[in-house]
Structures are given as structure tokens and as C-alpha cells.
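So this one's query_3.txt, compact mmCIF, C-alpha atoms:
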```txt
# COMPACT_ATOMS: atom_id res chain seq x y z
CA MET A 1 25.38 -92.12 47.26
CA ARG A 2 26.24 -94.53 44.45
CA HIS A 3 29.88 -93.64 44.86
CA THR A 4 29.81 -94.28 48.61
CA LEU A 5 28.17 -97.65 47.99
CA SER A 6 30.80 -98.52 45.38
CA LEU A 7 33.62 -97.58 47.77
CA PHE A 8 31.97 -99.60 50.56
CA LEU A 9 31.67 -102.70 48.37
CA THR A 10 35.27 -102.40 47.20
CA LEU A 11 36.57 -102.06 50.75
CA THR A 12 34.46 -104.99 51.98
CA ALA A 13 35.69 -107.24 49.18
CA PHE A 14 39.28 -106.19 49.83
CA TRP A 15 39.03 -106.83 53.56
CA GLY A 16 37.38 -110.21 53.00
CA LEU A 17 40.04 -111.33 50.56
CA MET A 18 43.01 -110.11 52.56
CA SER A 19 41.87 -111.30 55.98
CA GLY A 20 40.47 -114.76 55.24
CA HIS A 21 39.16 -115.14 58.81
CA ASN A 22 35.47 -115.05 59.65
CA SER A 23 35.31 -115.10 63.42
CA ILE A 24 33.04 -112.52 65.07
CA LEU A 25 35.90 -110.41 66.41
CA MET A 26 37.61 -110.19 63.01
CA LEU A 27 34.41 -109.22 61.21
CA LEU A 28 33.73 -106.57 63.85
CA LEU A 29 37.21 -105.11 63.47
CA GLY A 30 36.71 -105.12 59.70
CA ALA A 31 33.43 -103.23 60.01
CA VAL A 32 35.06 -100.65 62.29
CA SER A 33 37.98 -100.05 59.93
CA ILE A 34 35.73 -99.80 56.86
CA THR A 35 33.60 -97.24 58.69
CA CYS A 36 36.72 -95.27 59.62
CA VAL A 37 37.94 -95.26 56.01
CA LEU A 38 34.52 -94.17 54.71
CA TYR A 39 34.38 -91.33 57.29
CA ILE A 40 37.90 -90.12 56.45
CA ALA A 41 37.17 -90.29 52.71
CA HIS A 42 34.04 -88.19 53.20
CA ARG A 43 35.93 -85.69 55.32
CA MET A 44 38.59 -85.42 52.59
CA ASP A 45 35.78 -84.96 50.04
CA VAL A 46 37.26 -87.47 47.60
CA VAL A 47 34.24 -89.74 47.12
CA ASP A 48 32.95 -88.60 43.74
CA HIS A 49 32.85 -89.64 40.09
CA GLU A 50 36.63 -89.15 39.83
CA SER A 51 37.75 -91.59 42.49
CA GLN A 52 34.92 -94.07 41.80
CA PRO A 53 34.40 -93.95 38.02
CA ILE A 54 31.50 -96.39 37.95
CA HIS A 55 29.95 -94.72 34.90
CA LEU A 56 32.84 -96.14 32.87
CA SER A 57 32.68 -99.68 34.17
CA LEU A 58 30.78 -101.19 31.23
CA LYS A 59 33.01 -100.02 28.42
CA ILE A 60 36.34 -100.08 30.20
CA PHE A 61 37.09 -103.77 29.59
CA GLY A 62 36.94 -103.44 25.81
CA TYR A 63 39.26 -100.44 26.07
CA PHE A 64 41.70 -102.39 28.25
CA LEU A 65 41.82 -105.23 25.72
CA TRP A 66 42.60 -102.77 22.91
CA LEU A 67 45.19 -101.05 25.13
CA PHE A 68 46.87 -104.37 25.89
CA LYS A 69 47.19 -105.07 22.17
CA GLU A 70 48.83 -101.66 21.68
CA LEU A 71 51.07 -102.36 24.68
CA VAL A 72 52.41 -105.56 23.12
CA ILE A 73 53.14 -103.87 19.78
CA ALA A 74 54.90 -100.91 21.44
CA ASN A 75 56.92 -103.22 23.68
CA MET A 76 58.21 -105.19 20.72
CA ALA A 77 59.38 -102.00 19.01
CA VAL A 78 61.17 -100.71 22.13
CA VAL A 79 62.86 -104.06 22.87
CA LYS A 80 64.04 -104.26 19.26
CA SER A 81 65.62 -100.82 19.49
CA ILE A 82 67.25 -101.68 22.84
CA TRP A 83 69.14 -104.55 21.27
CA LEU A 84 69.88 -102.65 18.05
CA GLY A 85 71.54 -99.79 19.94
CA ASN A 86 71.41 -96.03 20.05
CA ALA A 87 71.49 -95.53 16.28
CA SER A 88 67.95 -96.89 15.93
CA ILE A 89 66.16 -94.37 18.16
CA SER A 90 64.93 -90.90 17.21
CA PRO A 91 63.66 -89.19 20.38
CA VAL A 92 61.33 -86.21 19.93
CA LEU A 93 59.37 -83.95 22.26
CA VAL A 94 56.07 -82.75 20.78
CA THR A 95 52.87 -81.16 22.01
CA ILE A 96 49.62 -82.76 20.92
CA LYS A 97 46.04 -81.77 21.47
CA SER A 98 43.50 -83.84 23.37
CA SER A 99 39.80 -83.54 22.62
CA GLN A 100 38.39 -84.75 25.95
CA VAL A 101 36.40 -82.30 28.05
CA THR A 102 36.33 -83.93 31.50
CA ASP A 103 39.33 -84.30 33.78
CA VAL A 104 38.83 -88.06 34.03
CA GLY A 105 39.01 -88.40 30.26
CA LYS A 106 42.19 -86.35 30.06
CA VAL A 107 43.82 -88.39 32.80
CA ILE A 108 42.84 -91.66 31.12
CA TYR A 109 44.28 -90.44 27.83
CA ALA A 110 47.52 -89.18 29.37
CA ASN A 111 47.97 -92.31 31.44
CA SER A 112 47.35 -94.53 28.42
CA ILE A 113 50.04 -92.64 26.52
CA THR A 114 52.44 -93.06 29.44
CA MET A 115 51.60 -96.73 29.82
CA THR A 116 52.55 -97.57 26.24
CA PRO A 117 56.34 -97.87 26.18
CA GLY A 118 57.94 -95.45 23.77
CA THR A 119 55.74 -92.51 24.72
CA VAL A 120 55.68 -90.62 28.02
CA THR A 121 53.38 -87.72 28.86
CA VAL A 122 55.66 -85.09 30.31
CA ASP A 123 53.16 -82.34 31.01
CA LEU A 124 49.43 -81.68 30.79
CA VAL A 125 48.21 -78.08 30.63
CA GLY A 126 44.62 -77.44 29.61
CA ASP A 127 44.05 -79.59 26.54
CA ARG A 128 47.67 -79.70 25.44
CA LEU A 129 49.83 -82.71 26.24
CA THR A 130 53.61 -82.58 26.01
CA VAL A 131 54.74 -86.03 24.92
CA HIS A 132 58.26 -87.40 24.77
CA ALA A 133 58.47 -90.19 22.21
CA LEU A 134 61.27 -92.62 21.52
CA PHE A 135 60.58 -92.85 17.79
CA GLN A 136 59.28 -90.44 15.20
CA HIS A 137 56.88 -93.23 14.28
CA ASN A 138 55.16 -93.06 17.69
CA VAL A 139 54.21 -89.43 17.10
CA GLU A 140 52.66 -90.28 13.75
CA VAL A 141 50.64 -93.04 15.39
CA LEU A 142 49.44 -90.60 18.09
CA ASN A 143 48.57 -88.00 15.50
CA THR A 144 46.18 -90.37 13.76
CA GLY A 145 44.11 -89.95 16.94
CA GLU A 146 42.77 -93.46 17.36
CA MET A 147 43.52 -93.57 21.09
CA ASP A 148 41.95 -90.13 21.48
CA ARG A 149 38.82 -91.29 19.70
CA ARG A 150 38.57 -94.44 21.80
CA VAL A 151 38.86 -92.51 25.08
CA CYS A 152 36.13 -90.16 23.82
CA HIS A 153 33.98 -93.15 22.99
CA LEU A 154 34.64 -94.54 26.49
CA GLU A 155 33.13 -91.42 28.02
CA SER A 156 30.43 -90.99 25.35
CA LYS A 157 31.29 -87.31 25.02
CA CYS A 158 34.06 -85.24 23.56
CA MET X 1 51.69 -140.14 25.44
CA THR X 2 49.10 -138.34 27.52
CA PHE X 3 48.81 -134.72 28.48
CA ASP X 4 46.83 -133.84 31.55
CA THR X 5 45.82 -130.27 32.24
CA ILE X 6 48.48 -129.69 34.91
CA THR X 7 51.29 -130.42 32.46
CA ILE X 8 49.85 -128.16 29.79
CA PHE X 9 49.34 -125.35 32.28
CA SER X 10 52.88 -125.58 33.64
CA PHE X 11 54.23 -125.64 30.08
CA ILE X 12 52.34 -122.47 29.10
CA SER X 13 53.36 -120.89 32.38
CA ALA X 14 57.02 -121.66 31.66
CA ILE X 15 56.71 -119.97 28.27
CA PHE X 16 55.21 -116.86 29.87
CA LEU X 17 57.95 -116.77 32.52
CA LEU X 18 60.60 -117.11 29.83
CA ILE X 19 59.18 -114.19 27.80
CA GLY X 20 58.90 -112.12 30.98
CA SER X 21 62.51 -112.81 31.96
CA PHE X 22 63.72 -111.88 28.49
CA LEU X 23 61.76 -108.61 28.56
CA CYS X 24 63.10 -107.82 32.05
CA ILE X 25 66.69 -108.32 30.97
CA SER X 26 66.04 -106.21 27.86
CA GLY X 27 64.78 -103.38 30.05
CA GLY X 28 67.80 -103.73 32.33
CA VAL X 29 70.16 -103.51 29.37
CA GLY X 30 68.17 -100.57 28.02
CA ILE X 31 68.52 -98.56 31.22
CA LEU X 32 72.30 -98.90 30.89
CA ARG X 33 72.55 -98.35 27.14
CA PHE X 34 70.21 -95.49 26.33
CA PRO X 35 71.79 -92.04 26.12
CA ASP X 36 69.69 -89.78 28.35
CA PHE X 37 67.13 -89.76 31.13
CA TYR X 38 63.96 -89.60 29.04
CA THR X 39 64.96 -92.45 26.76
CA ARG X 40 65.89 -94.55 29.79
CA MET X 41 62.39 -93.97 31.06
CA HIS X 42 61.02 -95.84 28.03
CA ALA X 43 63.27 -98.81 28.83
CA VAL X 44 61.90 -98.87 32.36
CA GLY X 45 58.40 -98.74 30.86
CA VAL X 46 59.04 -102.08 29.17
CA THR X 47 59.91 -103.81 32.44
CA ASP X 48 57.07 -102.10 34.27
CA THR X 49 54.24 -103.06 31.94
CA LEU X 50 54.62 -106.12 29.75
CA ALA X 51 57.43 -107.90 31.60
CA ALA X 52 55.64 -107.65 34.95
CA ALA X 53 52.38 -108.71 33.31
CA MET X 54 54.00 -111.74 31.66
CA ILE X 55 55.68 -112.96 34.85
CA LEU X 56 52.52 -112.46 36.90
CA ILE X 57 50.37 -114.24 34.28
CA GLY X 58 52.87 -117.10 34.33
CA LEU X 59 52.49 -117.31 38.10
CA ILE X 60 48.68 -117.07 37.85
CA LEU X 61 48.68 -120.19 35.67
CA GLN X 62 50.56 -122.06 38.41
CA SER X 63 48.53 -120.79 41.37
CA PRO X 64 47.36 -123.59 43.66
CA ASN X 65 44.12 -121.98 44.89
CA SER X 66 41.82 -119.09 44.11
CA LEU X 67 43.02 -116.86 46.96
CA VAL X 68 46.57 -116.81 45.55
CA LEU X 69 45.13 -116.14 42.09
CA ILE X 70 43.15 -113.14 43.28
CA LYS X 71 46.15 -111.72 45.15
CA LEU X 72 48.28 -112.03 42.02
CA LEU X 73 45.53 -110.31 40.01
CA ILE X 74 45.47 -107.45 42.55
CA ILE X 75 49.27 -107.07 42.23
CA LEU X 76 48.96 -107.07 38.42
CA VAL X 77 46.20 -104.45 38.29
CA VAL X 78 47.81 -102.21 40.91
CA THR X 79 51.19 -102.40 39.12
CA LEU X 80 49.64 -101.50 35.78
CA PHE X 81 47.77 -98.55 37.29
CA ILE X 82 50.49 -97.14 39.53
CA ASN X 83 53.63 -97.32 37.40
CA PRO X 84 52.50 -94.90 34.65
CA THR X 85 51.56 -92.41 37.35
CA ALA X 86 54.99 -92.63 38.96
CA SER X 87 56.70 -92.29 35.55
CA HIS X 88 54.62 -89.23 34.73
CA ALA X 89 55.40 -87.60 38.08
CA LEU X 90 59.11 -88.27 37.56
CA ALA X 91 59.14 -86.87 34.01
CA LYS X 92 57.16 -83.78 35.05
CA THR X 93 59.48 -83.02 37.96
CA ALA X 94 62.53 -83.51 35.77
CA ILE X 95 61.35 -81.17 33.03
CA HIS X 96 60.19 -78.51 35.48
CA ASN X 97 63.60 -78.53 37.14
CA GLY X 98 65.27 -77.85 33.83
CA LEU X 99 66.51 -81.21 32.54
CA MET X 100 66.10 -80.93 28.78
CA PRO X 101 65.75 -84.06 26.65
CA MET X 102 68.04 -84.96 23.82
CA VAL X 103 66.12 -84.63 20.56
CA ILE X 104 66.93 -85.21 16.93
CA LYS X 105 67.87 -82.36 14.64
CA HIS X 106 65.26 -82.26 11.90
CA ASP X 107 62.42 -81.55 14.31
CA HIS X 108 63.67 -78.11 15.16
CA ASP X 109 60.47 -76.06 15.41
CA LYS X 110 58.81 -78.55 17.73
CA MET X 111 61.91 -78.65 19.91
CA ILE X 112 61.75 -74.88 20.36
CA ILE X 113 58.13 -75.15 21.48
CA ALA X 114 59.06 -77.77 24.03
CA LYS X 115 61.95 -75.74 25.39
CA LYS X 116 59.80 -72.69 25.81
CA GLU X 117 57.21 -74.61 27.79
CA GLY X 118 59.83 -76.26 29.95
CA LYS X 119 61.35 -72.92 30.92
CA SER X 120 58.20 -70.90 31.44
CA SER X 121 56.44 -73.39 33.71
CA ASN X 122 58.09 -73.17 37.09
CA ARG X 123 55.12 -74.06 39.22
CA SER X 124 55.15 -77.22 41.26
CA MET O 1 61.69 -122.22 35.24
CA LEU O 2 60.78 -120.38 38.43
CA ILE O 3 64.43 -120.44 39.52
CA ALA O 4 65.55 -119.13 36.13
CA ALA O 5 63.06 -116.26 36.27
CA THR O 6 64.23 -115.43 39.81
CA LEU O 7 67.84 -115.32 38.63
CA ALA O 8 66.87 -113.07 35.69
CA ILE O 9 65.13 -110.66 38.06
CA LEU O 10 68.22 -110.62 40.29
CA VAL O 11 70.41 -109.76 37.28
CA VAL O 12 68.06 -106.92 36.34
CA MET O 13 68.20 -105.61 39.92
CA ILE O 14 72.00 -105.54 39.71
CA LEU O 15 71.78 -103.59 36.43
CA ALA O 16 69.41 -101.11 38.10
CA ILE O 17 71.86 -100.64 40.98
CA ILE O 18 74.66 -99.98 38.50
CA ARG O 19 72.54 -97.25 36.88
CA ALA O 20 71.70 -95.81 40.29
CA ILE O 21 75.41 -95.54 41.09
CA LEU O 22 76.44 -94.22 37.65
CA GLY O 23 73.42 -91.99 37.01
CA PRO O 24 74.57 -88.50 36.09
CA THR O 25 71.48 -86.71 37.42
CA LEU O 26 69.28 -87.16 40.46
CA TYR O 27 66.37 -88.26 38.27
CA ASP O 28 68.30 -91.17 36.79
CA ARG O 29 68.89 -92.40 40.30
CA ILE O 30 65.22 -92.05 41.28
CA LEU O 31 64.24 -93.89 38.09
CA ALA O 32 66.64 -96.72 38.88
CA VAL O 33 65.36 -96.98 42.44
CA ASN O 34 61.76 -97.05 41.19
CA MET O 35 62.64 -99.87 38.80
CA PHE O 36 64.42 -101.68 41.64
CA GLY O 37 61.24 -101.46 43.69
CA THR O 38 58.99 -102.92 40.99
CA LYS O 39 61.49 -105.71 40.42
CA THR O 40 61.44 -106.39 44.17
CA VAL O 41 57.69 -106.93 43.93
CA LEU O 42 58.16 -109.48 41.15
CA LEU O 43 60.98 -111.14 43.09
CA LEU O 44 58.78 -111.45 46.18
CA SER O 45 55.97 -113.04 44.15
CA LEU O 46 58.39 -115.49 42.53
CA LEU O 47 60.02 -116.35 45.86
CA GLY O 48 56.62 -117.10 47.33
CA PHE O 49 56.19 -119.77 44.67
CA VAL O 50 59.76 -121.08 44.87
CA MET O 51 59.59 -121.52 48.64
CA GLY O 52 55.97 -122.62 48.62
CA ARG O 53 54.87 -119.81 50.94
CA PRO O 54 52.03 -117.75 49.42
CA GLU O 55 52.15 -115.33 52.38
CA PHE O 56 54.85 -113.46 50.48
CA LEU O 57 52.15 -112.12 48.16
CA ASP O 58 50.74 -109.97 50.96
CA ILE O 59 54.16 -108.41 51.44
CA ALA O 60 54.35 -107.85 47.68
CA ILE O 61 51.03 -105.94 47.67
CA VAL O 62 52.21 -103.72 50.51
CA TYR O 63 55.53 -103.19 48.75
CA VAL O 64 53.83 -101.91 45.57
CA LEU O 65 52.05 -99.23 47.55
CA ILE O 66 55.09 -98.25 49.65
CA ASN O 67 57.25 -98.02 46.54
CA PHE O 68 54.81 -95.63 44.86
CA ILE O 69 54.44 -93.45 47.94
CA SER O 70 58.21 -93.27 48.48
CA VAL O 71 58.84 -92.18 44.89
CA ILE O 72 56.17 -89.49 45.08
CA ALA O 73 57.50 -88.34 48.46
CA ILE O 74 61.08 -87.99 47.26
CA LEU O 75 59.87 -86.09 44.18
CA ARG O 76 57.93 -83.63 46.34
CA TYR O 77 60.95 -83.29 48.60
CA SER O 78 63.30 -82.62 45.70
CA ASP O 79 60.90 -79.92 44.49
CA SER O 80 61.04 -77.88 47.66
CA PHE O 81 64.60 -78.55 48.82
CA LYS O 82 67.85 -78.73 46.91
CA LEU O 83 69.13 -82.28 47.11
CA GLN O 84 72.73 -83.09 46.36
CA GLY O 85 73.05 -83.64 42.61
CA SER O 86 69.72 -82.08 41.73
CA ASP O 87 71.30 -79.10 39.96
CA ILE O 88 71.60 -79.80 36.25
CA LYS O 89 75.07 -79.40 34.80
CA PRO O 90 75.39 -78.45 31.12
CA SER O 91 77.14 -81.75 30.43
CA ASP O 92 74.04 -83.67 31.48
CA GLN O 93 71.78 -81.85 29.07
CA GLY O 94 70.57 -83.41 25.88
CA GLY O 95 70.30 -81.14 22.89
CA LYS O 96 73.65 -82.07 21.43
CA ASN O 97 71.64 -83.29 18.44
CA ASP O 98 73.99 -86.18 17.86
CA VAL O 99 71.59 -89.10 17.95
```
Any chance you could give the structure as C-alpha cells?
Amino acid sequence: MRHTLSLFLTLTAFWGLMSGHNSILMLLLGAVSITCVLYIAHRMDVVDHESQPIHLSLKIFGYFLWLFKELVIANMAVVKSIWLGNASISPVLVTIKSSQVTDVGKVIYANSITMTPGTVTVDLVGDRLTVHALFQHNVEVLNTGEMDRRVCHLESKC
Amino acid sequence: MTFDTITIFSFISAIFLLIGSFLCISGGVGILRFPDFYTRMHAVGVTDTLAAAMILIGLILQSPNSLVLIKLLIILVVTLFINPTASHALAKTAIHNGLMPMVIKHDHDKMIIAKKEGKSSNRS
Amino acid sequence: MLIAATLAILVVMILAIIRAILGPTLYDRILAVNMFGTKTVLLLSLLGFVMGRPEFLDIAIVYVLINFISVIAILRYSDSFKLQGSDIKPSDQGGKNDV
């Protein structure tokens, strides 16, 4: 029920922002389309804690700030190696272990790795991630496990 | 010499746009210079994350009203969420169809592990 | 500054097209097209400001979503059908260990 309410509020806000009209006809059409989307989403059985992760919403902003800091550092390294040329890169393909238990946690971890330039998650099987990294240094940073620990902290369970 | 807020905002916005343009051109050079597909993907990652964020933040600082600001924020958030997913799908499809990455020599044991996984997993 | 950023984006789009034409494998081309799409979104946002027409932002939002769906669709399609250029030649492989 909470997830349906969250989806409803998101859709209402989106419709209100995108339309910008508030005549009766427009509001009625908006209500009809929101109802249609809610019905289709229920039929597809996708309204759950995975598509509406509201249990993460308190801690996620601190995580995003930390991720943005990491993003800037990684970008500077990649841009430097672009202008220095091919001699400065050392691409590796490694498998690392993730300690999250839920699917949402694993996806957040894998997507965070992909989002930071210099590391791309190539495959995710069970709790093993195959990561392609542009530098050897990136793998050492991942192996210290700070991002892993922060995603665990985000979900309050490992 | 007086500074009103509009001038300061447009100055900061110009700095953001300049950084964003530089990062974009760096990514464009990177996609031509890097030796194989997986390394090119990292160059595209630069233009997809920080360069897009810088240009959109520069535009947010110039936005005339709140509706434009919120639309730019939606574009920023959606871009940051969607692009890693597309990169991951592309890398996964490439490695499942047998495109092996170029790796350095002294990491030999880990390279063998990666090759084994890439060959054995043929599911879609 | 807006004009300069627009020109920079246009240059990057040209570089992406060059990679899409050169690209030895199919995946290089898809990567270049994906990058072209995200740059189109930025170009649309910038053009909205240059021309003073904020309606372009709506088109930009729609373009983000269409770009994502088209990339996913062509990846699914290349999984189940053989596209031209999707077979990997030995010359395209890495593993020469010469970096």
C-alpha cells in the first residue's frame, strides 16, 4: 500500500509539473491517465520495494553526496589519462565479491561502480561482480571496500 | 564597482559551462584515442556523468523560472540514473557475445578467470 | 558562453560519428550512437536557452527515455539475431598484451 501511494504521488507530481494547466478537463485527463498507469503497474506486478525504494529515502542523499565526490575524483583521473595517451592506462578485468544480501543492494553497488568512470561492471552472478577497470589503481580502491560498506550501511544490513 | 546577484550567477554558470565543454571534448577525444571497446566505454562514462552534470548545473544557474529549473533537474537525475544502466547492458552483451577485453600482462591469473567466465556464460 | 558550449557539443557529436563509422565491432558503433544520443539531449537543453524557448526541455526529457529504450532494444535484437558486423574477428580482440 505504501508503495502504491508513493507511485501515485510521484505520478501526480510529474503530471502537474509537465502539464502546467489546471482547467477541469486537463485535471480529469490527468486523473484518468494516472489511474491507467497504476492499474497497468499492478497488473505487471512491479509495484514493490524494488521499484519504489522508499525505505532508502532518508539515507540516500548522504550516499549521493559521497558518490558525487568519488565521481569527480575518478573523472579527473580518466581525463588526465585521455590527454596523456595510451601508455598511461593499464586495463584489467577482475572479479570482486559483494557483501550485500538483497537484490536492491547489489544493483545499487553495481550501478555505483558503473557510474564512476574508470570502472564498469561487466557481469553480476550471485555475489560476484566482474569489473573492467581502466587502471590497476581503481581495483585497489575497490578492494578496500569502502563503497561496499557504504551501500551496506544504506540498507542497514549486510 | 558593484556586483548584483545576476552577474555573479551568470559568471559561475559560465565557469560550469566551460568545465563541462572541456570534459565533453575530452570524452570525444578519448573515444577516438583509446585502443579497444571496453576502454572507450570509460571515455564515454566521463561525458555521460560529470560533463552532463556540469553543463546542466550551469544551465540551472541561468534558469529564468522554477519550472525550467525543475525540468533541468529531472533531465539531470534521469541522465545520471539511466546511463550506467545502458553502459552495463552494452558491456554485458559484448562480453557474452565473445568480445574479449585487452588486458595488461602481469595480471595473468585474473585474466584467465575472466576469460573462463566470459566463455561459459552464454545465456542472454 | 552558451554558444561556445553548443559548438563544443557539436564537435563532440562529430567525433562520435567518426567513431561510429570507423568502429571495428558492432558494439563500438552502438556505444558511439548512445553517446550521440546523450549529447543530443545536452544540445537540446542548450538550444532551448540560446533561442529563448524553454519548450525544448520537454523534447529533451522525451529524448533521454527514447535513447535508453532504443539502445536496450538494439542490444536485445543483436542477441537473438545476427546483425552485420556482430561476429567478432580475431583482429578485433584484445589480449595482445601490448598496452
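All chain X residues having an atom within 6 Å of chain A, based on all atoms listed in the file, amount to Gly30, His42, Gly45, Val46, Pro84, Ala91, Lys92, Val103 and Lys110 of chain X.
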Closest to Tyr63 in chain O among X:Cys24, X:Ala94, X:Ala89, X:Val78, using only C-alpha atoms?
->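 Of all the options, X:Val78 lies closest to Tyr63 in chain O.
Interatomic distance, CA of Gly58 in chain X against CA of Asp58 in chain O: 18.2 Å.
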Work out how far apart CA of Gly27 in chain X and CA of Leu59 in chain X are and give it in Å to one decimal.
-> 20.2 Å
Which one is closest to chain A: O:Arg19, O:Ser80, O:Leu57, O:Leu2? Count all atoms listed in the file.
->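 Closest residue, counting all atoms listed in the file: O:Leu57.
Separating CA of Thr49 in chain X from CA of Ile82 in chain X is a distance of 10.3 Å.
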Contacts of Ala60 in chain O at 8 Å (all atoms listed in the file; same-chain gap of 6+ positions) as a list in words |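 Non-adjacent residues within range: Ile75 of chain X; Val41, Leu42, Leu44 and Ser45 of chain O.
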Which residues of chain X are close to chain O, meaning at most 6 Å apart when you count all atoms listed in the file, and how do they look as a PyMOL selection string?
-> chain X and resi 14+21+25+28+37+75+100-105
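Compared by their closest atoms to Lys69 in chain A, and using only C-alpha atoms, the residues X:Leu50, X:Val29, X:Asn65, X:Arg40 rank with X:Leu50 nearest.
With all atoms listed in the file as the basis for measurement, A:Ser88 is the residue among A:Ser88, A:Thr144, A:Thr4, A:Thr102 that approaches chain O most closely.
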Of the candidates A:Ser98, A:Ser6, A:Thr12, A:Ser19, which shows the shortest atom-to-atom distance to chain O, using only C-alpha atoms?
-> A:Ser19
Which of O:Ala73, O:Ile59, O:Ile66, O:Val50 sits closest to Gln62 in chain X [using all atoms listed in the file] = O:Val50
